[in-house]
$ cat final17.cif   # mmCIF, N, CA and C atoms
data_input
loop_
_atom_site.label_atom_id
_atom_site.label_comp_id
_atom_site.auth_asym_id
_atom_site.auth_seq_id
_atom_site.Cartn_x
_atom_site.Cartn_y
_atom_site.Cartn_z
N MET N 4 -27.14 8.39 -22.08
CA MET N 4 -26.13 9.23 -21.47
C MET N 4 -25.94 8.87 -19.99
N ARG N 5 -27.06 8.69 -19.30
CA ARG N 5 -26.99 8.33 -17.89
C ARG N 5 -26.35 6.95 -17.70
N LEU N 6 -26.68 6.02 -18.58
CA LEU N 6 -26.11 4.68 -18.52
C LEU N 6 -24.60 4.73 -18.76
N THR N 7 -24.15 5.57 -19.66
CA THR N 7 -22.72 5.72 -19.94
C THR N 7 -21.98 6.21 -18.70
N ARG N 8 -22.53 7.20 -18.02
CA ARG N 8 -21.91 7.70 -16.79
C ARG N 8 -21.84 6.63 -15.72
N LEU N 9 -22.90 5.84 -15.60
CA LEU N 9 -22.94 4.77 -14.62
C LEU N 9 -21.87 3.71 -14.93
N VAL N 10 -21.74 3.36 -16.20
CA VAL N 10 -20.73 2.38 -16.60
C VAL N 10 -19.33 2.91 -16.33
N VAL N 11 -19.06 4.16 -16.69
CA VAL N 11 -17.74 4.76 -16.47
C VAL N 11 -17.44 4.82 -14.97
N ALA N 12 -18.40 5.24 -14.16
CA ALA N 12 -18.20 5.31 -12.71
C ALA N 12 -17.94 3.93 -12.13
N SER N 13 -18.67 2.94 -12.59
CA SER N 13 -18.49 1.56 -12.10
C SER N 13 -17.11 1.03 -12.46
N LEU N 14 -16.68 1.27 -13.69
CA LEU N 14 -15.34 0.81 -14.11
C LEU N 14 -14.24 1.53 -13.33
N SER N 15 -14.42 2.80 -13.06
CA SER N 15 -13.44 3.55 -12.28
C SER N 15 -13.32 2.99 -10.87
N LEU N 16 -14.45 2.72 -10.23
CA LEU N 16 -14.44 2.14 -8.89
C LEU N 16 -13.82 0.75 -8.89
N ALA N 17 -14.15 -0.05 -9.88
CA ALA N 17 -13.57 -1.40 -9.97
C ALA N 17 -12.07 -1.33 -10.13
N SER N 18 -11.60 -0.40 -10.93
CA SER N 18 -10.16 -0.22 -11.13
C SER N 18 -9.48 0.18 -9.83
N LEU N 19 -10.08 1.12 -9.11
CA LEU N 19 -9.52 1.57 -7.84
C LEU N 19 -9.45 0.42 -6.83
N PHE N 20 -10.52 -0.33 -6.67
CA PHE N 20 -10.54 -1.43 -5.70
C PHE N 20 -9.59 -2.55 -6.10
N SER N 21 -9.47 -2.82 -7.38
CA SER N 21 -8.54 -3.88 -7.79
C SER N 21 -7.11 -3.48 -7.54
N SER N 22 -6.78 -2.20 -7.71
CA SER N 22 -5.41 -1.78 -7.42
C SER N 22 -5.12 -1.87 -5.93
N LEU N 23 -6.12 -1.63 -5.09
CA LEU N 23 -5.91 -1.78 -3.66
C LEU N 23 -5.76 -3.25 -3.27
N LEU N 24 -6.56 -4.11 -3.91
CA LEU N 24 -6.50 -5.54 -3.59
C LEU N 24 -5.18 -6.16 -4.02
N PHE N 25 -4.63 -5.71 -5.13
CA PHE N 25 -3.41 -6.30 -5.65
C PHE N 25 -2.17 -5.47 -5.37
N ALA N 26 -2.25 -4.53 -4.45
CA ALA N 26 -1.07 -3.76 -4.07
C ALA N 26 0.00 -4.71 -3.54
N ALA N 27 1.21 -4.35 -3.80
CA ALA N 27 2.33 -5.21 -3.43
C ALA N 27 2.40 -5.43 -1.92
N ASP N 28 2.68 -6.65 -1.53
CA ASP N 28 2.89 -6.99 -0.12
C ASP N 28 4.39 -7.02 0.10
N ILE N 29 4.90 -6.03 0.82
CA ILE N 29 6.36 -5.96 0.99
C ILE N 29 6.78 -6.18 2.43
N GLY N 30 5.88 -6.64 3.29
CA GLY N 30 6.23 -6.87 4.68
C GLY N 30 7.38 -7.84 4.83
N GLY N 31 8.30 -7.52 5.73
CA GLY N 31 9.43 -8.40 6.00
C GLY N 31 10.77 -7.72 5.78
N LYS N 32 11.80 -8.54 5.78
CA LYS N 32 13.18 -8.06 5.69
C LYS N 32 13.66 -8.09 4.24
N TRP N 33 14.29 -7.00 3.81
CA TRP N 33 14.82 -6.86 2.46
C TRP N 33 16.28 -6.43 2.56
N THR N 34 17.15 -6.99 1.73
CA THR N 34 18.57 -6.65 1.75
C THR N 34 19.07 -6.41 0.34
N GLY N 35 20.13 -5.62 0.25
CA GLY N 35 20.75 -5.37 -1.05
C GLY N 35 22.00 -4.54 -0.90
N ALA N 36 22.78 -4.49 -1.96
CA ALA N 36 24.00 -3.70 -1.98
C ALA N 36 23.99 -2.79 -3.20
N SER N 37 24.48 -1.59 -3.01
CA SER N 37 24.55 -0.66 -4.14
C SER N 37 25.83 -0.93 -4.92
N ASP N 38 25.87 -0.40 -6.13
CA ASP N 38 27.09 -0.55 -6.93
C ASP N 38 28.22 0.32 -6.38
N GLN N 39 27.92 1.20 -5.43
CA GLN N 39 28.94 2.05 -4.81
C GLN N 39 29.51 1.42 -3.53
N GLY N 40 29.04 0.25 -3.18
CA GLY N 40 29.63 -0.45 -2.05
C GLY N 40 28.76 -0.68 -0.84
N PRO N 41 28.03 0.35 -0.33
CA PRO N 41 27.28 0.11 0.90
C PRO N 41 26.19 -0.93 0.71
N SER N 42 25.99 -1.73 1.75
CA SER N 42 24.86 -2.67 1.73
C SER N 42 23.78 -2.13 2.66
N PHE N 43 22.56 -2.52 2.39
CA PHE N 43 21.41 -2.00 3.12
C PHE N 43 20.52 -3.15 3.55
N THR N 44 19.93 -3.00 4.74
CA THR N 44 18.92 -3.93 5.24
C THR N 44 17.74 -3.12 5.75
N PHE N 45 16.57 -3.44 5.23
CA PHE N 45 15.34 -2.78 5.64
C PHE N 45 14.36 -3.83 6.14
N THR N 46 13.57 -3.45 7.13
CA THR N 46 12.43 -4.25 7.56
C THR N 46 11.21 -3.38 7.33
N PHE N 47 10.31 -3.85 6.47
CA PHE N 47 9.12 -3.08 6.11
C PHE N 47 7.87 -3.71 6.70
N GLN N 48 6.92 -2.85 7.08
CA GLN N 48 5.56 -3.24 7.41
C GLN N 48 4.65 -2.32 6.62
N ALA N 49 3.64 -2.90 5.99
CA ALA N 49 2.71 -2.12 5.19
C ALA N 49 1.32 -2.23 5.78
N ASP N 50 0.63 -1.10 5.82
CA ASP N 50 -0.76 -1.04 6.24
C ASP N 50 -1.48 -0.14 5.24
N HIS N 51 -2.10 -0.76 4.24
CA HIS N 51 -2.74 -0.05 3.13
C HIS N 51 -1.70 0.82 2.43
N ASP N 52 -1.83 2.15 2.52
CA ASP N 52 -0.89 3.01 1.82
C ASP N 52 0.21 3.56 2.74
N LYS N 53 0.26 3.07 3.97
CA LYS N 53 1.27 3.53 4.93
C LYS N 53 2.39 2.50 5.04
N LEU N 54 3.62 2.97 4.97
CA LEU N 54 4.80 2.11 5.08
C LEU N 54 5.58 2.50 6.33
N THR N 55 5.84 1.53 7.19
CA THR N 55 6.66 1.75 8.37
C THR N 55 7.77 0.71 8.37
N GLY N 56 8.68 0.85 9.33
CA GLY N 56 9.75 -0.12 9.45
C GLY N 56 11.05 0.53 9.87
N THR N 57 12.15 -0.15 9.57
CA THR N 57 13.47 0.33 9.98
C THR N 57 14.50 0.08 8.89
N MET N 58 15.58 0.84 8.99
CA MET N 58 16.77 0.62 8.18
C MET N 58 17.90 0.34 9.15
N LEU N 59 18.70 -0.67 8.87
CA LEU N 59 19.85 -1.00 9.70
C LEU N 59 21.02 -0.12 9.28
N SER N 60 21.55 0.68 10.21
CA SER N 60 22.67 1.56 9.88
C SER N 60 23.96 0.77 9.80
N MET N 61 25.00 1.40 9.27
CA MET N 61 26.30 0.73 9.17
C MET N 61 26.87 0.41 10.55
N GLU N 62 26.39 1.13 11.57
CA GLU N 62 26.83 0.88 12.94
C GLU N 62 25.96 -0.17 13.63
N GLY N 63 24.97 -0.70 12.93
CA GLY N 63 24.11 -1.73 13.49
C GLY N 63 22.91 -1.20 14.24
N LYS N 64 22.62 0.10 14.14
CA LYS N 64 21.45 0.68 14.79
C LYS N 64 20.24 0.58 13.87
N GLU N 65 19.07 0.31 14.46
CA GLU N 65 17.84 0.30 13.69
C GLU N 65 17.28 1.72 13.66
N LEU N 66 17.19 2.29 12.48
CA LEU N 66 16.70 3.65 12.30
C LEU N 66 15.27 3.59 11.74
N PRO N 67 14.33 4.31 12.35
CA PRO N 67 12.94 4.23 11.90
C PRO N 67 12.72 4.94 10.56
N LEU N 68 11.84 4.35 9.74
CA LEU N 68 11.43 5.00 8.51
C LEU N 68 10.44 6.11 8.87
N VAL N 69 10.52 7.21 8.15
CA VAL N 69 9.66 8.37 8.39
C VAL N 69 8.89 8.68 7.10
N ASP N 70 7.65 9.08 7.25
CA ASP N 70 6.81 9.47 6.11
C ASP N 70 6.73 8.40 5.05
N GLY N 71 6.66 7.13 5.46
CA GLY N 71 6.59 6.03 4.51
C GLY N 71 5.25 5.95 3.82
N LYS N 72 5.30 5.80 2.49
CA LYS N 72 4.07 5.74 1.70
C LYS N 72 4.16 4.63 0.67
N LEU N 73 3.02 4.00 0.41
CA LEU N 73 2.87 3.02 -0.67
C LEU N 73 1.79 3.54 -1.61
N ASP N 74 2.07 3.47 -2.89
CA ASP N 74 1.10 3.85 -3.90
C ASP N 74 1.17 2.80 -4.99
N GLY N 75 0.35 1.75 -4.85
CA GLY N 75 0.45 0.62 -5.77
C GLY N 75 1.78 -0.07 -5.59
N ASP N 76 2.60 -0.08 -6.64
CA ASP N 76 3.92 -0.70 -6.56
C ASP N 76 5.03 0.30 -6.26
N ASN N 77 4.68 1.55 -6.01
CA ASN N 77 5.68 2.58 -5.70
C ASN N 77 5.74 2.81 -4.20
N LEU N 78 6.95 3.10 -3.71
CA LEU N 78 7.11 3.39 -2.29
C LEU N 78 8.05 4.57 -2.12
N SER N 79 7.93 5.22 -0.97
CA SER N 79 8.82 6.32 -0.62
C SER N 79 8.89 6.43 0.90
N PHE N 80 10.02 6.91 1.38
CA PHE N 80 10.22 7.13 2.82
C PHE N 80 11.50 7.93 3.02
N SER N 81 11.74 8.34 4.25
CA SER N 81 13.01 8.97 4.59
C SER N 81 13.52 8.36 5.89
N VAL N 82 14.81 8.57 6.14
CA VAL N 82 15.48 8.06 7.33
C VAL N 82 16.48 9.12 7.77
N THR N 83 16.56 9.35 9.07
CA THR N 83 17.61 10.23 9.59
C THR N 83 18.75 9.36 10.09
N ALA N 84 19.90 9.48 9.44
CA ALA N 84 21.09 8.70 9.78
C ALA N 84 22.19 9.65 10.25
N GLU N 85 23.38 9.13 10.42
CA GLU N 85 24.53 9.96 10.80
C GLU N 85 25.65 9.74 9.81
N TRP N 86 26.32 10.84 9.48
CA TRP N 86 27.51 10.78 8.64
C TRP N 86 28.54 11.70 9.27
N GLN N 87 29.68 11.14 9.65
CA GLN N 87 30.75 11.88 10.32
C GLN N 87 30.22 12.64 11.53
N ASP N 88 29.46 11.91 12.35
CA ASP N 88 28.86 12.42 13.59
C ASP N 88 27.86 13.56 13.39
N GLN N 89 27.32 13.70 12.19
CA GLN N 89 26.31 14.71 11.90
C GLN N 89 25.05 14.03 11.38
N PRO N 90 23.87 14.51 11.81
CA PRO N 90 22.63 13.93 11.28
C PRO N 90 22.48 14.27 9.80
N ILE N 91 21.96 13.31 9.05
CA ILE N 91 21.74 13.51 7.63
C ILE N 91 20.43 12.81 7.25
N LYS N 92 19.62 13.51 6.49
CA LYS N 92 18.35 12.93 6.06
C LYS N 92 18.54 12.25 4.71
N LEU N 93 18.19 10.97 4.67
CA LEU N 93 18.22 10.21 3.44
C LEU N 93 16.78 10.03 2.96
N VAL N 94 16.58 10.19 1.67
CA VAL N 94 15.25 9.98 1.09
C VAL N 94 15.34 8.81 0.12
N ALA N 95 14.28 8.04 0.08
CA ALA N 95 14.26 6.86 -0.78
C ALA N 95 12.95 6.79 -1.55
N THR N 96 13.08 6.37 -2.80
CA THR N 96 11.92 6.08 -3.64
C THR N 96 12.20 4.76 -4.34
N GLY N 97 11.16 4.01 -4.60
CA GLY N 97 11.38 2.73 -5.25
C GLY N 97 10.16 2.18 -5.92
N LYS N 98 10.39 1.10 -6.64
CA LYS N 98 9.33 0.38 -7.35
C LYS N 98 9.46 -1.10 -7.02
N ILE N 99 8.34 -1.68 -6.62
CA ILE N 99 8.30 -3.10 -6.27
C ILE N 99 7.98 -3.89 -7.53
N SER N 100 8.76 -4.94 -7.75
CA SER N 100 8.53 -5.80 -8.91
C SER N 100 8.74 -7.24 -8.47
N GLY N 101 7.64 -7.91 -8.10
CA GLY N 101 7.73 -9.29 -7.65
C GLY N 101 8.52 -9.40 -6.36
N GLU N 102 9.61 -10.16 -6.41
CA GLU N 102 10.45 -10.39 -5.24
C GLU N 102 11.60 -9.40 -5.14
N GLN N 103 11.51 -8.28 -5.86
CA GLN N 103 12.59 -7.31 -5.85
C GLN N 103 12.03 -5.90 -5.74
N ILE N 104 12.80 -5.03 -5.10
CA ILE N 104 12.48 -3.61 -5.05
C ILE N 104 13.67 -2.87 -5.64
N GLN N 105 13.41 -2.06 -6.65
CA GLN N 105 14.45 -1.18 -7.20
C GLN N 105 14.35 0.12 -6.42
N LEU N 106 15.32 0.34 -5.53
CA LEU N 106 15.29 1.48 -4.62
C LEU N 106 16.36 2.49 -5.00
N HIS N 107 16.01 3.75 -4.95
CA HIS N 107 17.01 4.82 -5.06
C HIS N 107 17.02 5.53 -3.72
N ILE N 108 18.19 5.61 -3.12
CA ILE N 108 18.32 6.28 -1.82
C ILE N 108 19.44 7.31 -1.94
N GLY N 109 19.19 8.48 -1.37
CA GLY N 109 20.18 9.54 -1.46
C GLY N 109 19.95 10.61 -0.42
N THR N 110 20.85 11.59 -0.41
CA THR N 110 20.71 12.70 0.52
C THR N 110 19.58 13.61 0.08
N GLU N 111 19.01 14.28 1.05
CA GLU N 111 17.88 15.16 0.78
C GLU N 111 18.24 16.26 -0.22
N ASP N 112 19.48 16.76 -0.16
CA ASP N 112 19.89 17.83 -1.07
C ASP N 112 20.32 17.33 -2.45
N GLY N 113 20.31 16.01 -2.65
CA GLY N 113 20.69 15.46 -3.95
C GLY N 113 22.18 15.35 -4.18
N GLY N 114 22.99 15.66 -3.18
CA GLY N 114 24.45 15.62 -3.32
C GLY N 114 25.02 14.22 -3.46
N TRP N 115 24.29 13.22 -3.00
CA TRP N 115 24.72 11.83 -3.10
C TRP N 115 23.49 10.95 -3.28
N GLY N 116 23.64 9.91 -4.05
CA GLY N 116 22.56 8.96 -4.22
C GLY N 116 23.07 7.68 -4.86
N THR N 117 22.33 6.61 -4.66
CA THR N 117 22.71 5.34 -5.25
C THR N 117 21.46 4.49 -5.47
N ASP N 118 21.53 3.61 -6.45
CA ASP N 118 20.46 2.66 -6.70
C ASP N 118 20.80 1.35 -6.00
N VAL N 119 19.79 0.78 -5.35
CA VAL N 119 19.99 -0.45 -4.59
C VAL N 119 18.89 -1.45 -4.93
N PRO N 120 19.22 -2.56 -5.59
CA PRO N 120 18.21 -3.59 -5.78
C PRO N 120 18.06 -4.40 -4.48
N LEU N 121 16.86 -4.41 -3.92
CA LEU N 121 16.61 -5.13 -2.67
C LEU N 121 15.87 -6.42 -2.98
N LYS N 122 16.20 -7.46 -2.22
CA LYS N 122 15.51 -8.75 -2.34
C LYS N 122 15.19 -9.28 -0.96
N HIS N 123 14.13 -10.10 -0.92
CA HIS N 123 13.89 -10.91 0.29
C HIS N 123 15.03 -11.90 0.40
N PRO N 124 15.53 -12.20 1.60
CA PRO N 124 16.60 -13.21 1.72
C PRO N 124 16.19 -14.57 1.17
N THR N 125 14.89 -14.83 1.13
CA THR N 125 14.44 -16.14 0.62
C THR N 125 14.22 -16.13 -0.89
N ALA N 126 14.33 -14.96 -1.53
CA ALA N 126 14.14 -14.89 -2.98
C ALA N 126 15.29 -15.55 -3.71
N LYS N 127 14.99 -16.15 -4.84
CA LYS N 127 16.02 -16.83 -5.63
C LYS N 127 16.68 -15.88 -6.58
#

$ encode --input "final17.cif" --output "structure tokens"
Amino acid sequence: MRLTRLVVASLSLASLFSSLLFAADIGGKWTGASDQGPSFTFTFQADHDKLTGTMLSMEGKELPLVDGKLDGDNLSFSVTAEWQDQPIKLVATGKISGEQIQLHIGTEDGGWGTDVPLKHPTAK
């Protein structure tokens, strides 16, 4: 019984450490366009489970990412942008898959949203 607990605990720890070791590396510039027209450019920096960086606004301003998180291949963050001279909070969630991020970005209230496939500019 004691050996079984030790084996289960060891496998659990190994699984946890391997997921940390193989977490997606998303540092750098990512670009993409939604099917609704807007294009997006993000610069990401990752530090373990913390995601920081910027989003380039349509006016060319770099807007900081807020509350950025990485959980394995999943990411989330928010950005405060402007729409018709009013501040608006955009929330984003996504999944990293190789050289692509499938990102969903939308308004905090859910009134608008779009899916944006992001790629590294050097990705084929």

$ resolve_selection --input "final17.cif" --expression "the PyMOL selection byres ((chain N and resi 73) around 6)" --output "ChimeraX atom specification"
/N:51-54,71-72,74-75,77-79

$ closest_residue --input "final17.cif" --among "N:Ala84, N:Ile108, N:Ile99, N:Val69" --to "Thr57 in chain N" --atoms "all atoms listed in the file"
N:Val69

$ closest_atom_pairs --input "final17.cif" --of "range 36-90 of chain N" --to "range 113-122 of chain N" --cutoff "10 Å" --atoms "only C-alpha atoms" --output "Markdown table"
| residue | atom | partner | partner_atom | distance |
| --- | --- | --- | --- | --- |
| N:Ala36 | CA | N:Val119 | CA | 5.8 |
| N:Ser37 | CA | N:Val119 | CA | 4.6 |
| N:Asp38 | CA | N:Asp118 | CA | 7.4 |
| N:Gln39 | CA | N:Thr117 | CA | 7.1 |
| N:Gly40 | CA | N:Thr117 | CA | 9.6 |
| N:Pro41 | CA | N:Val119 | CA | 9.1 |
| N:Ser42 | CA | N:Val119 | CA | 8.3 |
| N:Phe43 | CA | N:Val119 | CA | 8.0 |
| N:Thr44 | CA | N:Leu121 | CA | 8.3 |
| N:Phe45 | CA | N:Leu121 | CA | 8.7 |

$ atom_distance --input "final17.cif" --atom1 "CA of Gln105 in chain N" --atom2 "CA of Pro67 in chain N"
19.9 Å

$ atom_distance --input "final17.cif" --atom1 "CA of Trp33 in chain N" --atom2 "CA of Thr83 in chain N"
18.7 Å

$ atom_distance --input "final17.cif" --atom1 "CA of Asp50 in chain N" --atom2 "CA of Gly109 in chain N"
24.7 Å

$ closest_residue --input "final17.cif" --among "N:Thr55, N:Gly30, N:Leu106, N:Glu111" --to "Leu93 in chain N" --atoms "all atoms listed in the file"
N:Glu111
